[in-house]
Structures are given as C-alpha cells and as structure tokens.
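J.: Below is input_38.txt; it holds compact mmCIF, C-alpha atoms.
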# COMPACT_ATOMS: atom_id res chain seq x y z
CA MET A 1 -9.79 -0.27 -19.68
CA THR A 2 -10.12 2.02 -16.71
CA SER A 3 -13.19 2.86 -14.67
CA SER A 4 -14.92 5.54 -16.71
CA GLY A 5 -18.35 5.06 -15.21
CA ALA A 6 -19.60 3.76 -18.55
CA PRO A 7 -22.84 1.77 -18.32
CA ASP A 8 -21.24 -1.22 -20.06
CA GLU A 9 -18.77 -1.77 -17.22
CA PRO A 10 -19.60 -4.88 -15.17
CA ALA A 11 -21.65 -4.13 -12.07
CA ASP A 12 -19.16 -5.96 -9.84
CA PHE A 13 -16.32 -3.77 -11.12
CA ARG A 14 -18.29 -0.56 -10.59
CA ALA A 15 -19.23 -1.72 -7.09
CA ALA A 16 -15.58 -2.49 -6.32
CA VAL A 17 -14.44 0.97 -7.42
CA GLU A 18 -17.22 2.67 -5.48
CA SER A 19 -16.33 0.77 -2.33
CA LEU A 20 -12.72 1.93 -2.62
CA HIS A 21 -13.99 5.51 -2.58
CA ALA A 22 -15.64 4.86 0.80
CA ALA A 23 -12.28 4.27 2.52
CA ARG A 24 -11.43 6.39 5.55
CA VAL A 25 -7.71 7.02 6.02
CA ARG A 26 -5.74 9.03 8.53
CA ARG A 27 -5.19 12.71 7.78
CA GLU A 28 -1.41 12.34 7.29
CA ILE A 29 -1.98 10.26 4.15
CA GLU A 30 -3.20 11.72 0.86
CA VAL A 31 -5.07 9.34 -1.44
CA GLY A 32 -6.27 9.93 -4.99
CA PRO A 33 -6.91 8.14 -8.30
CA ILE A 34 -3.98 7.56 -10.64
CA ARG A 35 -3.64 6.01 -14.09
CA PRO A 36 -3.77 2.21 -13.77
CA PRO A 37 -1.44 -0.11 -15.68
CA GLN A 38 -2.78 -1.51 -18.92
CA ARG A 39 -3.20 -5.08 -20.19
CA LEU A 40 -3.04 -6.72 -16.74
CA ALA A 41 -6.79 -7.34 -16.73
CA PRO A 42 -9.85 -6.38 -18.78
CA TYR A 43 -10.76 -3.75 -16.18
CA SER A 44 -8.49 -1.86 -13.82
CA TYR A 45 -8.46 1.05 -11.43
CA ALA A 46 -5.70 2.47 -9.24
CA VAL A 47 -5.17 4.87 -6.37
CA GLY A 48 -1.98 6.47 -5.16
CA ALA A 49 -1.19 7.20 -1.51
CA GLU A 50 1.49 9.45 -0.05
CA VAL A 51 2.42 10.43 3.48
CA ARG A 52 2.37 14.21 3.81
CA PRO A 53 5.79 15.68 4.62
CA PRO A 54 6.30 17.38 8.00
CA ASP A 55 5.98 21.15 8.29
CA ASP A 56 9.75 21.52 8.32
CA ALA A 57 10.21 19.59 5.07
CA ASP A 58 12.84 22.12 3.91
CA ILE A 59 15.17 20.86 6.65
CA VAL A 60 16.83 17.68 5.42
CA PRO A 61 18.43 15.61 8.21
CA THR A 62 21.58 13.62 7.47
CA ASP A 63 19.91 10.32 8.24
CA SER A 64 16.20 10.13 9.01
CA GLN A 65 12.86 8.85 7.90
CA GLY A 66 11.77 10.45 4.65
CA SER A 67 8.98 10.19 2.18
CA ALA A 68 6.63 7.23 1.95
CA PHE A 69 4.31 6.54 -0.94
CA GLY A 70 2.54 3.71 -2.67
CA ARG A 71 -0.20 2.60 -5.01
CA LEU A 72 -3.01 0.08 -4.86
CA ILE A 73 -4.26 -1.36 -8.14
CA LEU A 74 -7.64 -3.01 -8.56
CA LEU A 75 -7.79 -5.62 -11.32
CA TYR A 76 -11.03 -7.22 -12.44
CA ASP A 77 -11.46 -10.13 -14.84
CA PRO A 78 -15.06 -11.40 -15.15
CA ALA A 79 -13.73 -14.79 -16.30
CA GLY A 80 -11.30 -15.02 -13.40
CA GLN A 81 -7.70 -16.18 -13.55
CA ASP A 82 -6.31 -19.42 -12.14
CA ALA A 83 -3.49 -17.68 -10.30
CA TRP A 84 -5.95 -15.31 -8.64
CA ASN A 85 -8.41 -17.92 -7.43
CA GLY A 86 -11.11 -15.31 -8.04
CA THR A 87 -12.13 -12.37 -10.22
CA ILE A 88 -10.82 -9.40 -8.20
CA ARG A 89 -7.10 -8.98 -7.59
CA LEU A 90 -5.46 -6.16 -5.65
CA VAL A 91 -1.83 -5.31 -6.33
CA ALA A 92 0.02 -3.17 -3.79
CA TYR A 93 3.34 -1.38 -3.94
CA LEU A 94 4.85 0.90 -1.32
CA GLN A 95 8.21 2.47 -0.64
CA ALA A 96 9.41 4.35 2.41
CA GLU A 97 12.66 5.71 3.71
CA VAL A 98 13.54 4.23 7.09
CA GLU A 99 16.05 4.98 9.81
CA ALA A 100 19.48 3.35 9.65
CA ALA A 101 18.92 1.29 12.80
CA LEU A 102 15.76 -0.21 11.34
CA ALA A 103 17.31 -0.75 7.92
CA MET A 104 20.18 -2.72 9.45
CA ASP A 105 17.84 -5.03 11.36
CA PRO A 106 17.94 -8.45 9.65
CA LEU A 107 14.35 -9.03 10.76
CA LEU A 108 13.04 -5.98 8.90
CA PRO A 109 11.55 -8.01 5.99
CA GLU A 110 9.67 -10.26 8.43
CA VAL A 111 8.45 -7.27 10.41
CA ALA A 112 7.29 -5.42 7.29
CA TRP A 113 5.44 -8.48 6.00
CA SER A 114 3.77 -8.89 9.38
CA TRP A 115 2.43 -5.33 9.04
CA LEU A 116 0.63 -6.39 5.86
CA SER A 117 -0.49 -9.76 7.19
CA ASP A 118 -1.90 -8.20 10.35
CA ALA A 119 -3.67 -5.44 8.39
CA LEU A 120 -5.35 -8.03 6.16
CA GLY A 121 -6.15 -10.41 8.99
CA VAL A 122 -3.95 -13.17 7.57
CA PRO A 123 -1.80 -15.16 10.02
CA VAL A 124 1.92 -14.77 9.30
CA GLY A 125 3.03 -17.62 7.09
CA GLU A 126 -0.45 -18.14 5.66
CA SER A 127 -1.98 -16.78 2.46
CA ALA A 128 -5.67 -16.44 3.30
CA THR A 129 -7.95 -15.07 5.97
CA PRO A 130 -9.09 -17.92 8.26
CA GLU A 131 -12.74 -18.92 8.17
CA GLY A 132 -14.70 -17.25 10.94
CA SER A 133 -12.15 -14.46 11.26
CA SER A 134 -13.33 -11.11 12.62
CA SER A 135 -11.00 -9.28 10.21
CA ARG A 136 -12.47 -6.29 8.37
CA VAL A 137 -11.45 -7.89 5.05
CA ALA A 138 -11.36 -11.41 3.63
CA VAL A 139 -8.59 -12.36 1.20
CA THR A 140 -6.94 -15.36 -0.40
CA ALA A 141 -3.83 -16.06 -2.51
CA LEU A 142 -1.74 -13.45 -0.66
CA GLY A 143 1.88 -13.23 -1.78
CA GLY A 144 4.67 -10.74 -2.27
CA THR A 145 8.19 -9.59 -1.54
CA VAL A 146 9.92 -7.20 0.86
CA THR A 147 13.17 -5.49 -0.11
CA SER A 148 15.48 -3.33 1.98
CA THR A 149 18.15 -1.24 0.22
CA THR A 150 20.69 1.47 1.02
CA SER A 151 21.47 4.38 -1.32
CA VAL A 152 24.57 6.56 -1.03
CA ARG A 153 24.50 9.97 -2.70
CA TYR A 154 27.63 11.50 -4.22
CA GLY A 155 28.36 14.87 -5.77
CA ASP A 156 25.76 17.56 -6.33
CA ILE A 157 22.62 15.60 -5.43
CA ALA A 158 20.21 16.96 -2.85
CA GLY A 159 19.21 14.91 0.13
CA PRO A 160 20.88 13.00 2.93
CA PRO A 161 24.23 11.40 2.00
CA ARG A 162 22.94 7.97 2.95
CA ALA A 163 19.33 6.81 2.70
CA HIS A 164 17.65 3.51 3.47
CA GLN A 165 14.55 2.35 1.63
CA LEU A 166 11.97 -0.28 2.41
CA GLU A 167 9.94 -1.63 -0.50
CA VAL A 168 6.93 -3.91 -0.29
CA ARG A 169 5.25 -5.53 -3.29
CA ALA A 170 2.24 -7.71 -2.71
CA SER A 171 -0.99 -8.93 -4.24
CA TRP A 172 -4.05 -10.72 -3.00
CA THR A 173 -7.52 -11.73 -4.12
CA ALA A 174 -10.61 -10.11 -2.62
CA LEU A 175 -13.47 -12.50 -1.99
CA SER A 176 -16.11 -9.88 -2.76
CA SER A 177 -16.53 -6.69 -4.76
CA GLN A 178 -18.06 -5.13 -1.65
CA GLY A 179 -16.00 -3.77 1.22
CA LEU A 180 -12.87 -2.90 -0.71
CA ASP A 181 -12.61 0.24 1.39
CA GLY A 182 -11.24 -2.06 4.09
CA HIS A 183 -8.51 -3.22 1.73
CA LEU A 184 -7.45 0.35 0.99
CA GLU A 185 -7.56 1.21 4.68
CA ALA A 186 -5.38 -1.82 5.45
CA PHE A 187 -2.92 -0.75 2.75
CA CYS A 188 -2.72 2.74 4.25
CA ASP A 189 -2.13 1.21 7.70
CA VAL A 190 0.91 -0.57 6.28
CA LEU A 191 2.10 2.64 4.63
CA ALA A 192 1.76 4.45 7.98
CA SER A 193 3.79 1.75 9.73
CA ALA A 194 6.51 1.89 7.07
CA ALA A 195 6.64 5.68 7.39
CA GLY A 196 7.02 5.41 11.15
CA LEU A 197 3.82 7.30 11.93
CA PRO A 198 2.53 6.96 15.49
CA PRO A 199 -0.80 5.20 16.07
CA ALA A 200 -3.74 7.27 14.86
CA GLY A 201 -4.79 9.82 17.44
CA VAL A 202 -1.44 9.76 19.25
CA THR A 203 0.84 12.80 19.24
CA GLN A 204 4.57 12.16 19.07
CA LEU A 205 6.64 13.42 21.98
CA GLY A 206 8.34 16.69 21.19
CA THR A 207 5.64 17.93 18.81
CA THR A 208 3.54 21.00 19.48
CA THR A 209 0.07 21.93 18.36
Please re-express this file's structure in structure tokens.
T.:
Amino acid sequence: MTSSGAPDEPADFRAAVESLHAARVRREIEVGPIRPPQRLAPYSYAVGAEVRPPDDADIVPTDSQGSAFGRLILLYDPAGQDAWNGTIRLVAYLQAEVEAALAMDPLLPEVAWSWLSDALGVPVGESATPEGSSSRVAVTALGGTVTSTTSVRYGDIAGPPRAHQLEVRASWTALSSQGLDGHLEAFCDVLASAAGLPPAGVTQLGTTT
C-alpha cells in the first residue's frame, strides 16, 4: 500500500510522509515521489533524488565525475518487526560516478560509510545515535554496504571509456514519525558528498556566475 492520503491510513504513517515533504535540500538536487516497492511492509512511501547535471552536460569527459542518484524508502509496520527494533524503517540506496583517483582508494568504502554515519549522527562503528546527542535525527539499527566498481565500455556505447561507480545501500530505524525531513536531508547530504559537490553555499574554483 502506498500513501494515498486515505483516511484509513495510520496517523503515524501519514505524519511520517508529511514530515518527509518538509525537507529542505540544496538546489543542485532534485527530489520527488516515486513508486515504492511492494510487500516490504503494510505501508510504504518513496522519494527519488538526483543531482542535476552541469550546464555543459553534452560534453562527456574521458574520466570524470558523472551522474548521482538515489532513493529513500519509508516503510511502516504498525506491529513492528524484530529486525527493525521499531515501526518505521528507512531504506536508502544511492549510486554515483566518482573520479578514478577516488575509486582506487582502498579506504573509499570507509569514507563513504562515514558520510552516512556523520549525516545521521551515528559514531562510526556504531549502529545508533547516542543518548543526549545533538544530532538532527535519532536512529537505531543502522546497517548497510558500500560497493565500489569499475565499468569499461567497448564498441558503440556512449560515455567515457572507463567509469567508476560508488554504491551505498543502507537502512535504519527512525525513533519517531516526526522529523523525517531530517532523515531525507541527511540522505541528500550523503548524495552530495558522493557526487563531489562542494559544501552548500560554496562556489567551485573555475566556475562563473
């Protein structure tokens, strides 16, 4: 079941979806609702996020950062699930093309996971937000994987001959149906880091306005 706004939807689920809509993300990232997966939970909702391409998107470098996109899925089970340790589970997926130097760094998985941990306020190596934390979100049961791959194009296929992808899959449990905008904002922060965007409000050297 998706969020249709029907009156029979649980109030906590409706509140969770509404709080997602309150998220504020940087202008380089487009966010919008997408079809959620089915049968993972009684109620689900999903948003997709994509980094806007640069103005010169028609120019394809031989080896450079490329597109970055992802999705954040909200799952709600009023009865809860043991593996979740709660009733609201968020499932995140993102993929981004990265530069060769970064892709070859053996510490890339650790760095990418630290982006997510920092965004969620979870110490690296832990799975929950510490009590008394000043983090904008509170989570538990955080887990996931980071994968780095290299693709080589042959023949008549558009794009750079060699591309390097970073993929992050993660899920965590929200402790409240309120404030999920912070979870989406944290997810978009990770997407921005994976895409190599500069800090918000900072202009990259060499760009013009």
J.: Nearest residue to Leu142 in chain A out of A:Cys188, A:Gln165, A:Ala96, A:Leu90, using all atoms listed in the file?
T.: A:Leu90
J.: Within 12 Å of range 194-196 of chain A, counting all atoms listed in the file, which residues qualify if same-chain residues fewer than 3 places away don't, as a ChimeraX atom specification?
T.: /A:28-29,49-54,64-70,93-99,102-103,108-109,111-116,146,148,164-168,187-191,199-200,204
J.: Which polymer residues have any atom within 7 Å of an atom of range 16-24 of chain A, counting all atoms listed in the file, with same-chain residues fewer than 6 positions away left out, as a list in words?
T.: Ser177, Gln178, Gly179, Leu180, Asp181, Gly182, Leu184 and Glu185 of chain A
J.: I need the chosen residues saved as an mmCIF file, in the frame of the given file, with C-alpha atoms.
T.:
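Listing of result_37.cif after writing:
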data_model
loop_
_atom_site.group_PDB
_atom_site.id
_atom_site.type_symbol
_atom_site.label_atom_id
_atom_site.label_comp_id
_atom_site.auth_asym_id
_atom_site.auth_seq_id
_atom_site.Cartn_x
_atom_site.Cartn_y
_atom_site.Cartn_z
ATOM 1 C CA SER A 177 -16.530 -6.690 -4.760
ATOM 2 C CA GLN A 178 -18.060 -5.130 -1.650
ATOM 3 C CA GLY A 179 -16.000 -3.770 1.220
ATOM 4 C CA LEU A 180 -12.870 -2.900 -0.710
ATOM 5 C CA ASP A 181 -12.610 0.240 1.390
ATOM 6 C CA GLY A 182 -11.240 -2.060 4.090
ATOM 7 C CA LEU A 184 -7.450 0.350 0.990
ATOM 8 C CA GLU A 185 -7.560 1.210 4.680
#
J.: Report, in Å with one decimal, the straight-line distance from CA of Ile73 in chain A to CA of Val91 in chain A.
T.: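 Result for CA of Ile73 in chain A versus CA of Val91 in chain A: 5.0 Å, one decimal.
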J.: Select all residues near (-3.5, -13.0, 1.0) (cut-off 8 Å, inclusive, file coordinates), counting only C-alpha atoms, and output them as a PyMOL selection string.
T.: chain A and resi 117+120+122+126-129+139-143+171-173
J.: Next, the residues of the selection above should be written as a compact mmCIF listing (two decimals), in the frame of the given file with C-alpha atoms.
T.:
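Generated file (out31.txt):
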# COMPACT_ATOMS: atom_id res chain seq x y z
CA SER A 117 -0.49 -9.76 7.19
CA LEU A 120 -5.35 -8.03 6.16
CA VAL A 122 -3.95 -13.17 7.57
CA GLU A 126 -0.45 -18.14 5.66
CA SER A 127 -1.98 -16.78 2.46
CA ALA A 128 -5.67 -16.44 3.30
CA THR A 129 -7.95 -15.07 5.97
CA VAL A 139 -8.59 -12.36 1.20
CA THR A 140 -6.94 -15.36 -0.40
CA ALA A 141 -3.83 -16.06 -2.51
CA LEU A 142 -1.74 -13.45 -0.66
CA GLY A 143 1.88 -13.23 -1.78
CA SER A 171 -0.99 -8.93 -4.24
CA TRP A 172 -4.05 -10.72 -3.00
CA THR A 173 -7.52 -11.73 -4.12
J.: Which residue out of A:Ser176, A:Gln81, A:Ser134, A:Thr147 has the minimum interatomic distance to Phe13 in chain A when only C-alpha atoms are used?
T.: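 That would be A:Ser176, the residue with the smallest distance to Phe13 in chain A.
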J.: Quick one, how far is CA of Pro33 in chain A from CA of Arg169 in chain A?
T.: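 Computing it gives 19.0 Å between the two atoms.
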J.: I need the residue nearest Val124 in chain A from this list: A:Val137, A:Glu110, A:Leu40, A:Gly32. Use only C-alpha atoms for the distance.
T.: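 Ranked by minimum distance to Val124 in chain A, first place goes to A:Glu110.
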J.: Pick from A:Glu131, A:Asp82, A:Asp118, A:Glu9: nearest to Ser193 in chain A, with only C-alpha atoms counted?
T.: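 For Ser193 in chain A, the nearest of the candidates is A:Asp118.
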J.: By how many Å are CA of Tyr76 in chain A and CA of Ala174 in chain A apart?
T.: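 According to the coordinates, CA of Tyr76 in chain A and CA of Ala174 in chain A are separated by 10.2 Å.
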J.: Quick one: residues within 6 Å of Thr87 in chain A, all atoms listed in the file, excluding same-chain residues fewer than 2 positions away - as a list in words?
T.: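 The neighbour list is Tyr76, Asp77, Pro78 and Gly80 of chain A.
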J.: Could you turn the residues from that selection into a file that holds C-alpha atoms, as a PDB file, in the coordinates of the input?
T.:
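File written: out-v3.pdb
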ATOM      1  CA  TYR A  76     -11.030  -7.220 -12.440  1.00  0.00           C
ATOM      2  CA  ASP A  77     -11.460 -10.130 -14.840  1.00  0.00           C
ATOM      3  CA  PRO A  78     -15.060 -11.400 -15.150  1.00  0.00           C
ATOM      4  CA  GLY A  80     -11.300 -15.020 -13.400  1.00  0.00           C
TER       5      GLY A  80
END
J.: Between A:Leu72, A:Ala11, A:Tyr154, A:Ile88, which is the closest to Arg35 in chain A once you count only C-alpha atoms?
T.: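 The closest residue to Arg35 in chain A is A:Leu72.
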J.: Select, from A:Ala138, A:Val152, A:Val25, A:Ala46, the residue with the minimum atom-to-atom distance to Leu74 in chain A, counting only C-alpha atoms.
T.: A:Ala46
J.: Since the input is missing atoms for range 110-121 of chain A, could you rebuild it with all heavy atoms and give the result as a PDB file, keeping the file's coordinate frame?
T.:
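Wrote selection.pdb, looks like this:
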ATOM      1  N   GLU A 110      10.724  -9.535   7.708  1.00  0.00           N
ATOM      2  CA  GLU A 110       9.670 -10.260   8.430  1.00  0.00           C
ATOM      3  C   GLU A 110       8.722  -9.299   9.131  1.00  0.00           C
ATOM      4  O   GLU A 110       7.496  -9.506   9.139  1.00  0.00           O
ATOM      5  CB  GLU A 110      10.293 -11.222   9.449  1.00  0.00           C
ATOM      6  CG  GLU A 110      10.931 -12.463   8.836  1.00  0.00           C
ATOM      7  CD  GLU A 110      12.318 -12.213   8.287  1.00  0.00           C
ATOM      8  OE1 GLU A 110      12.811 -11.070   8.400  1.00  0.00           O
ATOM      9  OE2 GLU A 110      12.911 -13.166   7.737  1.00  0.00           O
ATOM     10  N   VAL A 111       9.283  -8.246   9.719  1.00  0.00           N
ATOM     11  CA  VAL A 111       8.450  -7.270  10.410  1.00  0.00           C
ATOM     12  C   VAL A 111       7.525  -6.556   9.422  1.00  0.00           C
ATOM     13  O   VAL A 111       6.322  -6.407   9.669  1.00  0.00           O
ATOM     14  CB  VAL A 111       9.328  -6.237  11.157  1.00  0.00           C
ATOM     15  CG1 VAL A 111       8.481  -5.085  11.684  1.00  0.00           C
ATOM     16  CG2 VAL A 111      10.073  -6.911  12.306  1.00  0.00           C
ATOM     17  N   ALA A 112       8.088  -6.128   8.289  1.00  0.00           N
ATOM     18  CA  ALA A 112       7.290  -5.420   7.290  1.00  0.00           C
ATOM     19  C   ALA A 112       6.178  -6.309   6.746  1.00  0.00           C
ATOM     20  O   ALA A 112       5.042  -5.860   6.539  1.00  0.00           O
ATOM     21  CB  ALA A 112       8.175  -4.918   6.149  1.00  0.00           C
ATOM     22  N   TRP A 113       6.487  -7.583   6.509  1.00  0.00           N
ATOM     23  CA  TRP A 113       5.440  -8.480   6.000  1.00  0.00           C
ATOM     24  C   TRP A 113       4.367  -8.714   7.060  1.00  0.00           C
ATOM     25  O   TRP A 113       3.184  -8.860   6.725  1.00  0.00           O
ATOM     26  CB  TRP A 113       6.044  -9.816   5.554  1.00  0.00           C
ATOM     27  CG  TRP A 113       5.053 -10.670   4.835  1.00  0.00           C
ATOM     28  CD1 TRP A 113       4.414 -11.783   5.304  1.00  0.00           C
ATOM     29  CD2 TRP A 113       4.534 -10.450   3.519  1.00  0.00           C
ATOM     30  NE1 TRP A 113       3.552 -12.275   4.361  1.00  0.00           N
ATOM     31  CE2 TRP A 113       3.605 -11.487   3.257  1.00  0.00           C
ATOM     32  CE3 TRP A 113       4.787  -9.490   2.534  1.00  0.00           C
ATOM     33  CZ2 TRP A 113       2.915 -11.572   2.051  1.00  0.00           C
ATOM     34  CZ3 TRP A 113       4.100  -9.576   1.330  1.00  0.00           C
ATOM     35  CH2 TRP A 113       3.174 -10.609   1.103  1.00  0.00           C
ATOM     36  N   SER A 114       4.769  -8.716   8.323  1.00  0.00           N
ATOM     37  CA  SER A 114       3.770  -8.890   9.380  1.00  0.00           C
ATOM     38  C   SER A 114       2.826  -7.700   9.447  1.00  0.00           C
ATOM     39  O   SER A 114       1.657  -7.849   9.819  1.00  0.00           O
ATOM     40  CB  SER A 114       4.459  -9.103  10.734  1.00  0.00           C
ATOM     41  OG  SER A 114       5.034  -7.903  11.224  1.00  0.00           O
ATOM     42  N   TRP A 115       3.321  -6.495   9.101  1.00  0.00           N
ATOM     43  CA  TRP A 115       2.430  -5.330   9.040  1.00  0.00           C
ATOM     44  C   TRP A 115       1.291  -5.603   8.059  1.00  0.00           C
ATOM     45  O   TRP A 115       0.128  -5.332   8.352  1.00  0.00           O
ATOM     46  CB  TRP A 115       3.187  -4.085   8.608  1.00  0.00           C
ATOM     47  CG  TRP A 115       4.212  -3.590   9.568  1.00  0.00           C
ATOM     48  CD1 TRP A 115       4.255  -3.815  10.912  1.00  0.00           C
ATOM     49  CD2 TRP A 115       5.350  -2.781   9.265  1.00  0.00           C
ATOM     50  NE1 TRP A 115       5.353  -3.191  11.459  1.00  0.00           N
ATOM     51  CE2 TRP A 115       6.043  -2.551  10.476  1.00  0.00           C
ATOM     52  CE3 TRP A 115       5.853  -2.232   8.087  1.00  0.00           C
ATOM     53  CZ2 TRP A 115       7.211  -1.793  10.532  1.00  0.00           C
ATOM     54  CZ3 TRP A 115       7.022  -1.471   8.138  1.00  0.00           C
ATOM     55  CH2 TRP A 115       7.687  -1.254   9.355  1.00  0.00           C
ATOM     56  N   LEU A 116       1.644  -6.123   6.886  1.00  0.00           N
ATOM     57  CA  LEU A 116       0.630  -6.390   5.860  1.00  0.00           C
ATOM     58  C   LEU A 116      -0.277  -7.541   6.279  1.00  0.00           C
ATOM     59  O   LEU A 116      -1.504  -7.447   6.153  1.00  0.00           O
ATOM     60  CB  LEU A 116       1.314  -6.706   4.529  1.00  0.00           C
ATOM     61  CG  LEU A 116       0.379  -7.007   3.353  1.00  0.00           C
ATOM     62  CD1 LEU A 116      -0.495  -5.798   3.037  1.00  0.00           C
ATOM     63  CD2 LEU A 116       1.178  -7.423   2.114  1.00  0.00           C
ATOM     64  N   SER A 117       0.309  -8.611   6.773  1.00  0.00           N
ATOM     65  CA  SER A 117      -0.490  -9.760   7.190  1.00  0.00           C
ATOM     66  C   SER A 117      -1.490  -9.362   8.271  1.00  0.00           C
ATOM     67  O   SER A 117      -2.678  -9.718   8.206  1.00  0.00           O
ATOM     68  CB  SER A 117       0.423 -10.883   7.716  1.00  0.00           C
ATOM     69  OG  SER A 117       1.240 -11.399   6.688  1.00  0.00           O
ATOM     70  N   ASP A 118      -1.014  -8.616   9.264  1.00  0.00           N
ATOM     71  CA  ASP A 118      -1.900  -8.200  10.350  1.00  0.00           C
ATOM     72  C   ASP A 118      -3.024  -7.297   9.827  1.00  0.00           C
ATOM     73  O   ASP A 118      -4.181  -7.415  10.244  1.00  0.00           O
ATOM     74  CB  ASP A 118      -1.112  -7.466  11.432  1.00  0.00           C
ATOM     75  CG  ASP A 118      -0.182  -8.383  12.202  1.00  0.00           C
ATOM     76  OD1 ASP A 118      -0.341  -9.613  12.089  1.00  0.00           O
ATOM     77  OD2 ASP A 118       0.714  -7.873  12.903  1.00  0.00           O
ATOM     78  N   ALA A 119      -2.671  -6.372   8.923  1.00  0.00           N
ATOM     79  CA  ALA A 119      -3.670  -5.440   8.390  1.00  0.00           C
ATOM     80  C   ALA A 119      -4.758  -6.172   7.614  1.00  0.00           C
ATOM     81  O   ALA A 119      -5.924  -5.758   7.620  1.00  0.00           O
ATOM     82  CB  ALA A 119      -3.001  -4.397   7.502  1.00  0.00           C
ATOM     83  N   LEU A 120      -4.388  -7.268   6.954  1.00  0.00           N
ATOM     84  CA  LEU A 120      -5.350  -8.030   6.160  1.00  0.00           C
ATOM     85  C   LEU A 120      -5.999  -9.160   6.944  1.00  0.00           C
ATOM     86  O   LEU A 120      -6.866  -9.871   6.415  1.00  0.00           O
ATOM     87  CB  LEU A 120      -4.669  -8.600   4.907  1.00  0.00           C
ATOM     88  CG  LEU A 120      -4.166  -7.585   3.881  1.00  0.00           C
ATOM     89  CD1 LEU A 120      -3.404  -8.299   2.759  1.00  0.00           C
ATOM     90  CD2 LEU A 120      -5.318  -6.763   3.304  1.00  0.00           C
ATOM     91  N   GLY A 121      -5.565  -9.344   8.188  1.00  0.00           N
ATOM     92  CA  GLY A 121      -6.150 -10.410   8.990  1.00  0.00           C
ATOM     93  C   GLY A 121      -5.689 -11.795   8.593  1.00  0.00           C
ATOM     94  O   GLY A 121      -6.389 -12.781   8.826  1.00  0.00           O
TER      95      GLY A 121
END
